[in-house]
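Printed here is upload_31.pdb (PDB, C-alpha atoms and all ligand atoms):
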ATOM      1  CA  MET X  29       0.000   0.000   0.000
ATOM      2  CA  LYS X  30       1.303   3.440  -0.943
ATOM      3  CA  LEU X  31       0.925   6.566   1.202
ATOM      4  CA  SER X  32       1.451   9.938  -0.451
ATOM      5  CA  ALA X  33       1.250  13.583   0.534
ATOM      6  CA  GLU X  34       1.061  16.296  -2.096
ATOM      7  CA  ASN X  35       1.633  19.979  -1.407
ATOM      8  CA  LEU X  36       0.711  19.436   2.225
ATOM      9  CA  SER X  37       0.566  22.398   4.582
ATOM     10  CA  PHE X  38      -0.216  21.669   8.207
ATOM     11  CA  GLY X  39      -0.089  23.087  11.693
ATOM     12  CA  TYR X  40      -2.147  23.979  14.737
ATOM     13  CA  GLY X  41      -5.018  26.410  14.380
ATOM     14  CA  LYS X  42      -3.758  29.267  12.231
ATOM     15  CA  ARG X  43      -0.101  28.468  12.924
ATOM     16  CA  ILE X  44       1.521  26.732   9.974
ATOM     17  CA  ILE X  45       4.266  24.311  11.025
ATOM     18  CA  ALA X  46       5.328  23.286   7.502
ATOM     19  CA  GLN X  47       4.158  23.721   3.949
ATOM     20  CA  ASN X  48       4.539  22.357   0.420
ATOM     21  CA  ILE X  49       5.396  18.923   1.747
ATOM     22  CA  ASN X  50       5.565  16.221  -0.912
ATOM     23  CA  LEU X  51       6.417  12.679   0.053
ATOM     24  CA  SER X  52       5.501   9.182  -0.884
ATOM     25  CA  VAL X  53       6.265   5.807   0.600
ATOM     26  CA  ALA X  54       5.620   2.820  -1.634
ATOM     27  CA  GLN X  55       4.714  -0.692  -0.561
ATOM     28  CA  GLY X  56       7.602  -2.294   1.320
ATOM     29  CA  GLU X  57       9.630   0.905   1.543
ATOM     30  CA  VAL X  58      11.120   2.513   4.643
ATOM     31  CA  LEU X  59      11.121   6.310   4.771
ATOM     32  CA  CYS X  60      13.030   8.041   7.573
ATOM     33  CA  LEU X  61      12.188  11.580   8.615
ATOM     34  CA  LEU X  62      14.894  13.681  10.237
ATOM     35  CA  GLY X  63      14.571  17.142  11.728
ATOM     36  CA  ALA X  64      15.649  19.081  14.797
ATOM     37  CA  ASN X  65      13.524  19.170  17.948
ATOM     38  CA  GLY X  66      10.330  21.040  17.209
ATOM     39  CA  ALA X  67      10.784  20.839  13.416
ATOM     40  CA  GLY X  68       7.310  19.341  13.049
ATOM     41  CA  LYS X  69       7.883  15.608  12.602
ATOM     42  CA  THR X  70       5.165  14.506  15.041
ATOM     43  CA  THR X  71       2.771  17.083  13.635
ATOM     44  CA  LEU X  72       3.429  15.783  10.113
ATOM     45  CA  PHE X  73       2.760  12.229  11.302
ATOM     46  CA  LYS X  74      -0.484  13.239  13.006
ATOM     47  CA  THR X  75      -1.520  14.956   9.794
ATOM     48  CA  LEU X  76      -0.675  11.889   7.696
ATOM     49  CA  LEU X  77      -2.772   9.798  10.088
ATOM     50  CA  GLY X  78      -5.703  12.144   9.701
ATOM     51  CA  LEU X  79      -5.611  13.182  13.377
ATOM     52  CA  ILE X  80      -4.992  16.813  12.382
ATOM     53  CA  LYS X  81      -6.733  18.319   9.368
ATOM     54  CA  PRO X  82      -4.203  19.759   6.909
ATOM     55  CA  HIS X  83      -4.424  23.444   5.979
ATOM     56  CA  SER X  84      -4.116  22.423   2.352
ATOM     57  CA  GLY X  85      -2.885  19.627   0.125
ATOM     58  CA  ARG X  86      -3.807  16.010  -0.344
ATOM     59  CA  ILE X  87      -3.057  12.758   1.479
ATOM     60  CA  THR X  88      -3.801   9.554  -0.400
ATOM     61  CA  LEU X  89      -3.667   5.828   0.289
ATOM     62  CA  ASP X  90      -3.181   3.925  -2.971
ATOM     63  CA  ASN X  91      -4.345   7.115  -4.708
ATOM     64  CA  ALA X  92      -7.624   7.305  -2.732
ATOM     65  CA  PRO X  93      -8.074  10.420  -0.559
ATOM     66  CA  LEU X  94      -7.522   9.607   3.122
ATOM     67  CA  GLU X  95     -10.431  11.795   4.182
ATOM     68  CA  GLN X  96     -12.871   9.454   2.414
ATOM     69  CA  LEU X  97     -12.026   6.671   4.849
ATOM     70  CA  SER X  98     -13.685   6.353   8.250
ATOM     71  CA  LEU X  99     -11.430   6.237  11.318
ATOM     72  CA  HIS X 100     -12.045   2.492  11.546
ATOM     73  CA  GLN X 101     -11.082   1.944   7.898
ATOM     74  CA  ARG X 102      -7.930   4.029   8.386
ATOM     75  CA  ALA X 103      -6.947   2.000  11.436
ATOM     76  CA  ARG X 104      -7.052  -1.151   9.303
ATOM     77  CA  LYS X 105      -4.559   0.401   6.916
ATOM     78  CA  ILE X 106      -2.267   2.618   9.023
ATOM     79  CA  ALA X 107      -0.916   1.891  12.486
ATOM     80  CA  TYR X 108       0.702   4.567  14.622
ATOM     81  CA  VAL X 109       3.467   3.936  17.122
ATOM     82  CA  PRO X 110       3.596   7.087  19.229
ATOM     83  CA  GLN X 111       6.531   7.991  21.440
ATOM     84  CA  ALA X 112       6.201   5.832  24.571
ATOM     85  CA  HIS X 113       3.541   7.504  26.615
ATOM     86  CA  ASN X 114       2.575   7.360  30.237
ATOM     87  CA  ALA X 115      -0.329   4.989  30.655
ATOM     88  CA  LEU X 116      -3.006   6.038  33.085
ATOM     89  CA  PHE X 117      -4.691   2.650  33.414
ATOM     90  CA  PRO X 118      -2.747  -0.390  34.565
ATOM     91  CA  PHE X 119      -3.692  -2.787  31.759
ATOM     92  CA  ASP X 120      -1.588  -5.918  31.493
ATOM     93  CA  VAL X 121       1.058  -5.738  28.794
ATOM     94  CA  LEU X 122      -0.630  -8.591  26.883
ATOM     95  CA  ASP X 123      -3.938  -6.682  26.883
ATOM     96  CA  VAL X 124      -2.221  -3.567  25.518
ATOM     97  CA  VAL X 125      -0.853  -5.626  22.608
ATOM     98  CA  ILE X 126      -4.251  -7.274  22.024
ATOM     99  CA  MET X 127      -5.826  -3.799  21.830
ATOM    100  CA  GLY X 128      -4.030  -3.490  18.480
ATOM    101  CA  ALA X 129      -6.448  -6.085  17.121
ATOM    102  CA  ALA X 130      -9.386  -3.792  17.903
ATOM    103  CA  ALA X 131      -9.111  -2.303  14.400
ATOM    104  CA  GLN X 132      -9.890  -5.762  13.002
ATOM    105  CA  LEU X 133     -12.642  -6.573  15.506
ATOM    106  CA  SER X 134     -16.047  -5.058  15.948
ATOM    107  CA  LEU X 135     -16.505  -3.134  19.180
ATOM    108  CA  THR X 136     -18.391  -5.983  20.811
ATOM    109  CA  THR X 137     -16.165  -8.892  19.746
ATOM    110  CA  LYS X 138     -13.844 -10.342  22.355
ATOM    111  CA  PRO X 139     -10.332 -11.295  21.266
ATOM    112  CA  SER X 140     -10.086 -14.959  20.353
ATOM    113  CA  ALA X 141      -7.620 -17.480  21.772
ATOM    114  CA  SER X 142      -5.630 -17.270  18.535
ATOM    115  CA  GLU X 143      -5.376 -13.474  18.859
ATOM    116  CA  MET X 144      -4.113 -13.901  22.396
ATOM    117  CA  GLN X 145      -1.534 -16.370  21.132
ATOM    118  CA  GLU X 146      -0.521 -14.002  18.382
ATOM    119  CA  ALA X 147      -0.055 -11.178  20.893
ATOM    120  CA  LEU X 148       2.143 -13.470  22.962
ATOM    121  CA  ARG X 149       4.156 -14.460  19.875
ATOM    122  CA  LEU X 150       4.733 -10.782  19.104
ATOM    123  CA  LEU X 151       6.028 -10.219  22.632
ATOM    124  CA  GLU X 152       8.301 -13.251  22.209
ATOM    125  CA  ARG X 153       9.614 -11.839  18.944
ATOM    126  CA  PHE X 154      10.871  -8.813  20.894
ATOM    127  CA  ASN X 155      12.077 -10.851  23.903
ATOM    128  CA  MET X 156       9.325  -9.349  26.050
ATOM    129  CA  ALA X 157       7.151 -12.411  26.734
ATOM    130  CA  HIS X 158       8.192 -12.365  30.407
ATOM    131  CA  LEU X 159       6.337  -9.037  30.750
ATOM    132  CA  ALA X 160       3.003 -10.364  29.400
ATOM    133  CA  ASP X 161       1.128 -10.209  32.696
ATOM    134  CA  LYS X 162       2.900  -7.170  34.149
ATOM    135  CA  ALA X 163       1.060  -3.874  34.428
ATOM    136  CA  TYR X 164       1.905  -1.543  31.516
ATOM    137  CA  THR X 165       2.313   1.258  34.087
ATOM    138  CA  GLU X 166       5.045  -0.728  35.833
ATOM    139  CA  ILE X 167       7.460  -1.409  32.974
ATOM    140  CA  SER X 168      10.252   0.861  31.752
ATOM    141  CA  GLY X 169       9.908   3.499  29.018
ATOM    142  CA  GLY X 170      11.941   1.382  26.584
ATOM    143  CA  GLU X 171       9.878  -1.703  27.346
ATOM    144  CA  ARG X 172       6.721   0.330  26.758
ATOM    145  CA  GLN X 173       8.056   1.456  23.398
ATOM    146  CA  ILE X 174       8.499  -2.162  22.337
ATOM    147  CA  VAL X 175       5.018  -3.064  23.596
ATOM    148  CA  LEU X 176       3.584  -0.220  21.475
ATOM    149  CA  ILE X 177       5.401  -1.598  18.425
ATOM    150  CA  ALA X 178       3.964  -5.053  19.125
ATOM    151  CA  ARG X 179       0.502  -3.468  19.472
ATOM    152  CA  ALA X 180       0.907  -1.776  16.066
ATOM    153  CA  LEU X 181       1.903  -5.086  14.453
ATOM    154  CA  MET X 182      -1.165  -6.701  16.023
ATOM    155  CA  GLN X 183      -3.206  -4.127  14.083
ATOM    156  CA  LYS X 184      -2.058  -5.816  10.823
ATOM    157  CA  ALA X 185      -1.961  -2.502   9.036
ATOM    158  CA  GLN X 186      -0.014  -2.242   5.795
ATOM    159  CA  ILE X 187       1.558   1.078   6.769
ATOM    160  CA  LEU X 188       3.363   1.766  10.039
ATOM    161  CA  VAL X 189       4.030   5.332  11.180
ATOM    162  CA  MET X 190       6.579   5.279  13.989
ATOM    163  CA  ASP X 191       7.472   8.378  15.976
ATOM    164  CA  GLU X 192      11.070   7.978  17.173
ATOM    165  CA  PRO X 193      10.677   4.232  17.769
ATOM    166  CA  THR X 194      14.231   3.917  19.079
ATOM    167  CA  ALA X 195      14.216   7.007  21.323
ATOM    168  CA  SER X 196      14.167   5.353  24.715
ATOM    169  CA  LEU X 197      15.766   2.044  23.798
ATOM    170  CA  ASP X 198      19.161   0.715  24.805
ATOM    171  CA  TYR X 199      21.766   0.212  22.074
ATOM    172  CA  GLY X 200      20.888  -3.455  21.504
ATOM    173  CA  ASN X 201      17.146  -2.859  21.368
ATOM    174  CA  GLN X 202      17.621   0.102  19.017
ATOM    175  CA  LEU X 203      19.388  -2.160  16.543
ATOM    176  CA  ARG X 204      16.901  -5.001  17.014
ATOM    177  CA  ILE X 205      14.023  -2.606  16.275
ATOM    178  CA  LEU X 206      15.793  -1.289  13.157
ATOM    179  CA  GLN X 207      16.302  -4.888  12.006
ATOM    180  CA  GLN X 208      12.628  -5.629  12.643
ATOM    181  CA  ILE X 209      11.699  -2.555  10.594
ATOM    182  CA  LYS X 210      13.771  -3.914   7.697
ATOM    183  CA  GLU X 211      12.138  -7.329   8.073
ATOM    184  CA  LEU X 212       8.659  -5.753   8.096
ATOM    185  CA  SER X 213       9.444  -3.848   4.921
ATOM    186  CA  LYS X 214      10.626  -7.050   3.257
ATOM    187  CA  SER X 215       7.234  -8.558   4.080
ATOM    188  CA  GLY X 216       5.557  -5.707   2.163
ATOM    189  CA  ILE X 217       4.755  -3.305   5.004
ATOM    190  CA  SER X 218       5.573   0.350   4.366
ATOM    191  CA  VAL X 219       7.190   2.190   7.273
ATOM    192  CA  ILE X 220       7.592   5.885   7.971
ATOM    193  CA  LEU X 221       9.674   6.647  11.030
ATOM    194  CA  SER X 222      11.382   9.588  12.605
ATOM    195  CA  THR X 223      14.745   9.440  14.294
ATOM    196  CA  HIS X 224      17.337  11.783  15.736
ATOM    197  CA  ASN X 225      20.172   9.463  14.775
ATOM    198  CA  PRO X 226      21.374   9.827  11.170
ATOM    199  CA  ASP X 227      23.225   6.485  11.409
ATOM    200  CA  HIS X 228      19.836   4.783  11.659
ATOM    201  CA  VAL X 229      18.968   6.063   8.209
ATOM    202  CA  PHE X 230      21.841   4.102   6.667
ATOM    203  CA  ILE X 231      20.844   0.995   8.605
ATOM    204  CA  CYS X 232      17.159   0.793   7.743
ATOM    205  CA  ALA X 233      15.920   3.378   5.222
ATOM    206  CA  ASP X 234      15.292   3.262   1.487
ATOM    207  CA  GLN X 235      14.496   6.970   1.482
ATOM    208  CA  VAL X 236      15.050   9.875   3.838
ATOM    209  CA  ALA X 237      13.507  13.334   4.080
ATOM    210  CA  LEU X 238      14.826  16.289   6.071
ATOM    211  CA  LEU X 239      12.314  18.641   7.667
ATOM    212  CA  HIS X 240      13.784  22.046   8.439
ATOM    213  CA  GLN X 241      12.235  25.441   9.043
ATOM    214  CA  GLY X 242       8.845  24.465   7.743
ATOM    215  CA  ALA X 243       9.938  22.688   4.572
ATOM    216  CA  LEU X 244      11.433  19.452   3.321
ATOM    217  CA  ILE X 245      14.899  20.692   2.388
ATOM    218  CA  ALA X 246      16.100  17.372   0.945
ATOM    219  CA  SER X 247      14.711  13.961   0.165
ATOM    220  CA  GLY X 248      16.041  10.911  -1.629
ATOM    221  CA  THR X 249      18.341   7.995  -0.927
ATOM    222  CA  PRO X 250      20.351   7.936   2.327
ATOM    223  CA  GLN X 251      23.634   8.325   0.413
ATOM    224  CA  ALA X 252      22.357  11.393  -1.452
ATOM    225  CA  VAL X 253      20.702  13.115   1.515
ATOM    226  CA  ILE X 254      22.790  12.269   4.592
ATOM    227  CA  THR X 255      25.717  14.540   3.819
ATOM    228  CA  PRO X 256      27.815  16.736   6.135
ATOM    229  CA  GLU X 257      26.275  19.816   4.468
ATOM    230  CA  ASN X 258      22.688  18.722   5.084
ATOM    231  CA  LEU X 259      23.373  17.595   8.676
ATOM    232  CA  LYS X 260      25.029  20.954   9.371
ATOM    233  CA  LYS X 261      21.917  22.699   8.066
ATOM    234  CA  ILE X 262      19.531  20.854  10.354
ATOM    235  CA  TYR X 263      21.679  20.321  13.472
ATOM    236  CA  GLN X 264      24.340  23.097  13.218
ATOM    237  CA  ILE X 265      27.000  20.466  13.906
ATOM    238  CA  ASP X 266      29.971  19.516  11.752
ATOM    239  CA  VAL X 267      30.099  15.819  11.005
ATOM    240  CA  THR X 268      32.216  13.590   8.891
ATOM    241  CA  ILE X 269      30.711  10.527   7.232
ATOM    242  CA  GLY X 270      32.757   7.456   6.472
ATOM    243  CA  GLN X 271      32.815   3.720   6.491
ATOM    244  CA  LEU X 272      34.749   1.728   9.078
ATOM    245  CA  HIS X 273      36.729  -1.190   7.732
ATOM    246  CA  GLY X 274      34.303  -4.109   7.616
ATOM    247  CA  SER X 275      31.206  -2.047   8.404
ATOM    248  CA  PRO X 276      28.340  -2.538   5.964
ATOM    249  CA  TYR X 277      26.999   1.002   6.499
ATOM    250  CA  PRO X 278      28.475   4.494   6.508
ATOM    251  CA  LEU X 279      28.634   6.119   9.956
ATOM    252  CA  CYS X 280      28.463   9.739  11.057
ATOM    253  CA  ALA X 281      31.042  11.113  13.492
ATOM    254  CA  PRO X 282      30.877  14.595  14.987
ATOM    255  CA  VAL X 283      33.767  16.955  14.333
ATOM    256  CA  LEU X 284      33.995  18.850  17.602
ATOM    257  CA  PRO X 285      36.295  21.810  18.222
ATOM    258  CA  GLU X 286      39.743  20.709  19.563
ATOM    259  CA  SER X 287      39.038  22.028  23.073
ATOM    260  CA  ASP X 288      35.921  19.826  23.426
ATOM    261  CA  HIS X 289      37.677  16.449  23.263
ATOM    262  CA  GLN X 290      40.997  16.678  25.077
TER     263      GLN X 290
HETATM  264  N1  LIG K   1      -0.774  20.370  20.418
HETATM  265  C1  LIG K   1      -0.059  21.411  19.976
HETATM  266  N2  LIG K   1      -0.619  22.643  19.838
HETATM  267  C2  LIG K   1       0.097  23.685  19.366
HETATM  268  N3  LIG K   1       1.392  23.622  19.001
HETATM  269  C3  LIG K   1       2.011  22.429  19.117
HETATM  270  C4  LIG K   1       1.321  21.270  19.615
HETATM  271  N4  LIG K   1       2.184  20.226  19.587
HETATM  272  C5  LIG K   1       3.361  20.715  19.123
HETATM  273  N5  LIG K   1       3.259  22.035  18.842
HETATM  274  C6  LIG K   1       4.306  22.891  18.265
HETATM  275  O1  LIG K   1       4.527  22.494  16.918
HETATM  276  C7  LIG K   1       5.921  22.528  16.595
HETATM  277  C8  LIG K   1       6.339  21.184  16.045
HETATM  278  O2  LIG K   1       6.224  20.237  17.088
HETATM  279  P1  LIG K   1       6.435  18.676  16.823
HETATM  280  O3  LIG K   1       6.111  17.968  18.091
HETATM  281  O4  LIG K   1       5.702  18.293  15.604
HETATM  282  O5  LIG K   1       8.003  18.639  16.528
HETATM  283  P2  LIG K   1       8.981  17.380  16.407
HETATM  284  O6  LIG K   1       9.807  17.597  15.183
HETATM  285  O7  LIG K   1       8.205  16.114  16.486
HETATM  286  O8  LIG K   1       9.876  17.585  17.706
HETATM  287  P3  LIG K   1      10.730  16.540  18.623
HETATM  288  O9  LIG K   1      11.864  16.047  17.776
HETATM  289  O10 LIG K   1      11.210  17.429  19.721
HETATM  290  O11 LIG K   1       9.805  15.450  19.082
HETATM  291  C9  LIG K   1       6.641  22.950  17.880
HETATM  292  O12 LIG K   1       6.917  24.332  17.784
HETATM  293  C10 LIG K   1       5.637  22.684  18.964
HETATM  294  O13 LIG K   1       5.797  23.606  20.009
END
Can the structure from this file be put into structure tokens for me?
Amino acid sequence: MKLSAENLSFGYGKRIIAQNINLSVAQGEVLCLLGANGAGKTTLFKTLLGLIKPHSGRITLDNAPLEQLSLHQRARKIAYVPQAHNALFPFDVLDVVIMGAAAQLSLTTKPSASEMQEALRLLERFNMAHLADKAYTEISGGERQIVLIARALMQKAQILVMDEPTASLDYGNQLRILQQIKELSKSGISVILSTHNPDHVFICADQVALLHQGALIASGTPQAVITPENLKKIYQIDVTIGQLHGSPYPLCAPVLPESDHQ
């Protein structure tokens, strides 16, 4: 399934956060969105999900306007993984994952035994099965992030929108999630994610877009877009990009003034 935005302008009330945004993620592609804090990544995601009405422009799913779909129909096609949030109600972790299936169920249907098994399998896939009957309010922020990813997979949507899915994860879990994202894309799922780590783009993305000062200032392949010049524009930091001997991906390294690293 393909998600596209054409000439999108969006924001809150009268305040425009970004305009003339054009992007498209095809079936099985991974698109990474980079931008400084406050650049508008989450707002763009909420707009793509139809949670915020755009000021202008068009969002389409396989060329059909998003606004023609009901919320329930959208939920069957697009799943959202928000930044790990504080849960108010102490649902068990397994129940939180099963809630992802709600998009496939009617409001009155109870989850079946096979859905419960599937939720458990998803937790196993992320090495989190031991948390199944713990309260969601009593697990760590990183663990919650993984549970939210499992919940989104339970939704069986063809498009995943992930807001900084690696933000609160340890180094190992960050890489495991990036690998899972690649695996999902190989199975035909399209993924849009934001990250603050440009190295992640090389690891998992087919395409990358840079959101800066209300516009997409670059988009294309990781090699074309993740350049020292572009990273300087969005982060005001000098970096060098190279490949370690034996490393399959390029890596970014900051170039700090001499006095900062004695
Ligand atoms: N609910 C809201 N109402 C009004 N303005 C908001 C709201 N949420 C965010 N903003 C503003 O919109 C701008 C973009 O915020 P957004 O959260 O989309 O940025 P972001 O790129 O996701 O940032 P970060 O990387 O820090 O998560 C910011 O200036 C923010 O203050």
Counting all atoms listed in the file, what are the residues of chain X within 6 Å of ligand LIG 1 (chain K), and for each of them which pair of atoms is the nearest and at what distance in Å, to one decimal? Sort the table by chain and rising number, as JSON lines.
{"residue": "X:Tyr40", "atom": "CA", "partner": "K:LIG1", "partner_atom": "C2", "distance": 5.2}
{"residue": "X:Gly63", "atom": "CA", "partner": "K:LIG1", "partner_atom": "O6", "distance": 5.9}
{"residue": "X:Ala64", "atom": "CA", "partner": "K:LIG1", "partner_atom": "O9", "distance": 5.7}
{"residue": "X:Asn65", "atom": "CA", "partner": "K:LIG1", "partner_atom": "O10", "distance": 3.4}
{"residue": "X:Gly66", "atom": "CA", "partner": "K:LIG1", "partner_atom": "O5", "distance": 3.4}
{"residue": "X:Ala67", "atom": "CA", "partner": "K:LIG1", "partner_atom": "O6", "distance": 3.8}
{"residue": "X:Gly68", "atom": "CA", "partner": "K:LIG1", "partner_atom": "O4", "distance": 3.2}
{"residue": "X:Lys69", "atom": "CA", "partner": "K:LIG1", "partner_atom": "O6", "distance": 3.8}
{"residue": "X:Thr70", "atom": "CA", "partner": "K:LIG1", "partner_atom": "O7", "distance": 3.7}
{"residue": "X:Thr71", "atom": "CA", "partner": "K:LIG1", "partner_atom": "O4", "distance": 3.7}
Can you spell out as a VMD selection string the set of residues that the PyMOL selection byres (((chain X and resi 254) around 12) and not hetatm) selects in the structure I just provided? chain X and resid 60 to 63 225 to 230 233 235 to 238 245 to 253 255 to 262 267 to 270 278 to 280
Between atom CA of Leu181 of chain X and atom CA of Val125 of chain X, measure the distance and give it in Å to one decimal.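 Value for the atom CA of Leu181 of chain X-atom CA of Val125 of chain X distance: 8.6 Å.
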Could you tell me which of X:Gly78, X:Gly274, X:Pro193, X:Gly216 comes closest to Val175 of chain X if we count all atoms listed in the file?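 So, comparing all the options, the nearest one is X:Pro193.
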Need to verify the contact set: segment 87-99 of chain X, 12 Å, all atoms listed in the file, exclusion of same-chain residues closer than 2 positions in sequence. Can you return it as a PDB file with C-alpha atoms, keeping the file's coordinate frame?
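File produced: part22.pdb:
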ATOM      1  CA  MET X  29       0.000   0.000   0.000  1.00  0.00           C
ATOM      2  CA  LYS X  30       1.303   3.440  -0.943  1.00  0.00           C
ATOM      3  CA  LEU X  31       0.925   6.566   1.202  1.00  0.00           C
ATOM      4  CA  SER X  32       1.451   9.938  -0.451  1.00  0.00           C
ATOM      5  CA  ALA X  33       1.250  13.583   0.534  1.00  0.00           C
ATOM      6  CA  GLU X  34       1.061  16.296  -2.096  1.00  0.00           C
ATOM      7  CA  ASN X  35       1.633  19.979  -1.407  1.00  0.00           C
ATOM      8  CA  LEU X  36       0.711  19.436   2.225  1.00  0.00           C
ATOM      9  CA  SER X  37       0.566  22.398   4.582  1.00  0.00           C
ATOM     10  CA  PHE X  38      -0.216  21.669   8.207  1.00  0.00           C
ATOM     11  CA  ILE X  49       5.396  18.923   1.747  1.00  0.00           C
ATOM     12  CA  ASN X  50       5.565  16.221  -0.912  1.00  0.00           C
ATOM     13  CA  LEU X  51       6.417  12.679   0.053  1.00  0.00           C
ATOM     14  CA  SER X  52       5.501   9.182  -0.884  1.00  0.00           C
ATOM     15  CA  VAL X  53       6.265   5.807   0.600  1.00  0.00           C
ATOM     16  CA  ALA X  54       5.620   2.820  -1.634  1.00  0.00           C
ATOM     17  CA  GLN X  55       4.714  -0.692  -0.561  1.00  0.00           C
ATOM     18  CA  LEU X  72       3.429  15.783  10.113  1.00  0.00           C
ATOM     19  CA  PHE X  73       2.760  12.229  11.302  1.00  0.00           C
ATOM     20  CA  LYS X  74      -0.484  13.239  13.006  1.00  0.00           C
ATOM     21  CA  THR X  75      -1.520  14.956   9.794  1.00  0.00           C
ATOM     22  CA  LEU X  76      -0.675  11.889   7.696  1.00  0.00           C
ATOM     23  CA  LEU X  77      -2.772   9.798  10.088  1.00  0.00           C
ATOM     24  CA  GLY X  78      -5.703  12.144   9.701  1.00  0.00           C
ATOM     25  CA  LEU X  79      -5.611  13.182  13.377  1.00  0.00           C
ATOM     26  CA  ILE X  80      -4.992  16.813  12.382  1.00  0.00           C
ATOM     27  CA  LYS X  81      -6.733  18.319   9.368  1.00  0.00           C
ATOM     28  CA  PRO X  82      -4.203  19.759   6.909  1.00  0.00           C
ATOM     29  CA  HIS X  83      -4.424  23.444   5.979  1.00  0.00           C
ATOM     30  CA  SER X  84      -4.116  22.423   2.352  1.00  0.00           C
ATOM     31  CA  GLY X  85      -2.885  19.627   0.125  1.00  0.00           C
ATOM     32  CA  GLN X 101     -11.082   1.944   7.898  1.00  0.00           C
ATOM     33  CA  ARG X 102      -7.930   4.029   8.386  1.00  0.00           C
ATOM     34  CA  ALA X 103      -6.947   2.000  11.436  1.00  0.00           C
ATOM     35  CA  ARG X 104      -7.052  -1.151   9.303  1.00  0.00           C
ATOM     36  CA  LYS X 105      -4.559   0.401   6.916  1.00  0.00           C
ATOM     37  CA  ILE X 106      -2.267   2.618   9.023  1.00  0.00           C
ATOM     38  CA  ALA X 107      -0.916   1.891  12.486  1.00  0.00           C
ATOM     39  CA  ALA X 131      -9.111  -2.303  14.400  1.00  0.00           C
ATOM     40  CA  GLN X 186      -0.014  -2.242   5.795  1.00  0.00           C
ATOM     41  CA  ILE X 187       1.558   1.078   6.769  1.00  0.00           C
ATOM     42  CA  SER X 218       5.573   0.350   4.366  1.00  0.00           C
TER      43      SER X 218
END
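Note that atom CA of Met190 of chain X and atom CA of Ala243 of chain X are 20.1 Å apart.
Picture a line from atom CA of Gln264 of chain X to atom CA of Val283 of chain X; it runs 11.3 Å.
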Given the choices X:Ala147, X:Leu221, X:Ala112, X:Val58, which gets closest to Asp161 of chain X if the distance is worked out from only C-alpha atoms? X:Ala147
Since I can't run it myself right now, could you work out what the PyMOL selection byres (((chain X and resi 170) around 12) and not hetatm) selects here and report it as a PyMOL selection string? chain X and resi 111-114+154+156+164+166-169+171-177+192-202+205
Kindly export the residues of the current selection with C-alpha atoms, as a PDB file, in the frame of the given file.
ATOM      1  CA  GLN X 111       6.531   7.991  21.440  1.00  0.00           C
ATOM      2  CA  ALA X 112       6.201   5.832  24.571  1.00  0.00           C
ATOM      3  CA  HIS X 113       3.541   7.504  26.615  1.00  0.00           C
ATOM      4  CA  ASN X 114       2.575   7.360  30.237  1.00  0.00           C
ATOM      5  CA  PHE X 154      10.871  -8.813  20.894  1.00  0.00           C
ATOM      6  CA  MET X 156       9.325  -9.349  26.050  1.00  0.00           C
ATOM      7  CA  TYR X 164       1.905  -1.543  31.516  1.00  0.00           C
ATOM      8  CA  GLU X 166       5.045  -0.728  35.833  1.00  0.00           C
ATOM      9  CA  ILE X 167       7.460  -1.409  32.974  1.00  0.00           C
ATOM     10  CA  SER X 168      10.252   0.861  31.752  1.00  0.00           C
ATOM     11  CA  GLY X 169       9.908   3.499  29.018  1.00  0.00           C
ATOM     12  CA  GLU X 171       9.878  -1.703  27.346  1.00  0.00           C
ATOM     13  CA  ARG X 172       6.721   0.330  26.758  1.00  0.00           C
ATOM     14  CA  GLN X 173       8.056   1.456  23.398  1.00  0.00           C
ATOM     15  CA  ILE X 174       8.499  -2.162  22.337  1.00  0.00           C
ATOM     16  CA  VAL X 175       5.018  -3.064  23.596  1.00  0.00           C
ATOM     17  CA  LEU X 176       3.584  -0.220  21.475  1.00  0.00           C
ATOM     18  CA  ILE X 177       5.401  -1.598  18.425  1.00  0.00           C
ATOM     19  CA  GLU X 192      11.070   7.978  17.173  1.00  0.00           C
ATOM     20  CA  PRO X 193      10.677   4.232  17.769  1.00  0.00           C
ATOM     21  CA  THR X 194      14.231   3.917  19.079  1.00  0.00           C
ATOM     22  CA  ALA X 195      14.216   7.007  21.323  1.00  0.00           C
ATOM     23  CA  SER X 196      14.167   5.353  24.715  1.00  0.00           C
ATOM     24  CA  LEU X 197      15.766   2.044  23.798  1.00  0.00           C
ATOM     25  CA  ASP X 198      19.161   0.715  24.805  1.00  0.00           C
ATOM     26  CA  TYR X 199      21.766   0.212  22.074  1.00  0.00           C
ATOM     27  CA  GLY X 200      20.888  -3.455  21.504  1.00  0.00           C
ATOM     28  CA  ASN X 201      17.146  -2.859  21.368  1.00  0.00           C
ATOM     29  CA  GLN X 202      17.621   0.102  19.017  1.00  0.00           C
ATOM     30  CA  ILE X 205      14.023  -2.606  16.275  1.00  0.00           C
TER      31      ILE X 205
END
Tell me which residues the PyMOL selection byres (((chain X and resi 128) around 6) and not hetatm) grabs here, as JSON, numbers by chain. {"X": [125, 126, 127, 129, 130, 179, 180, 182, 183]}
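Taking all atoms listed in the file into account, Leu122 of chain X lies nearest to X:Gln145 out of the set X:Gln241, X:Ser140, X:Gln145, X:Gln47.
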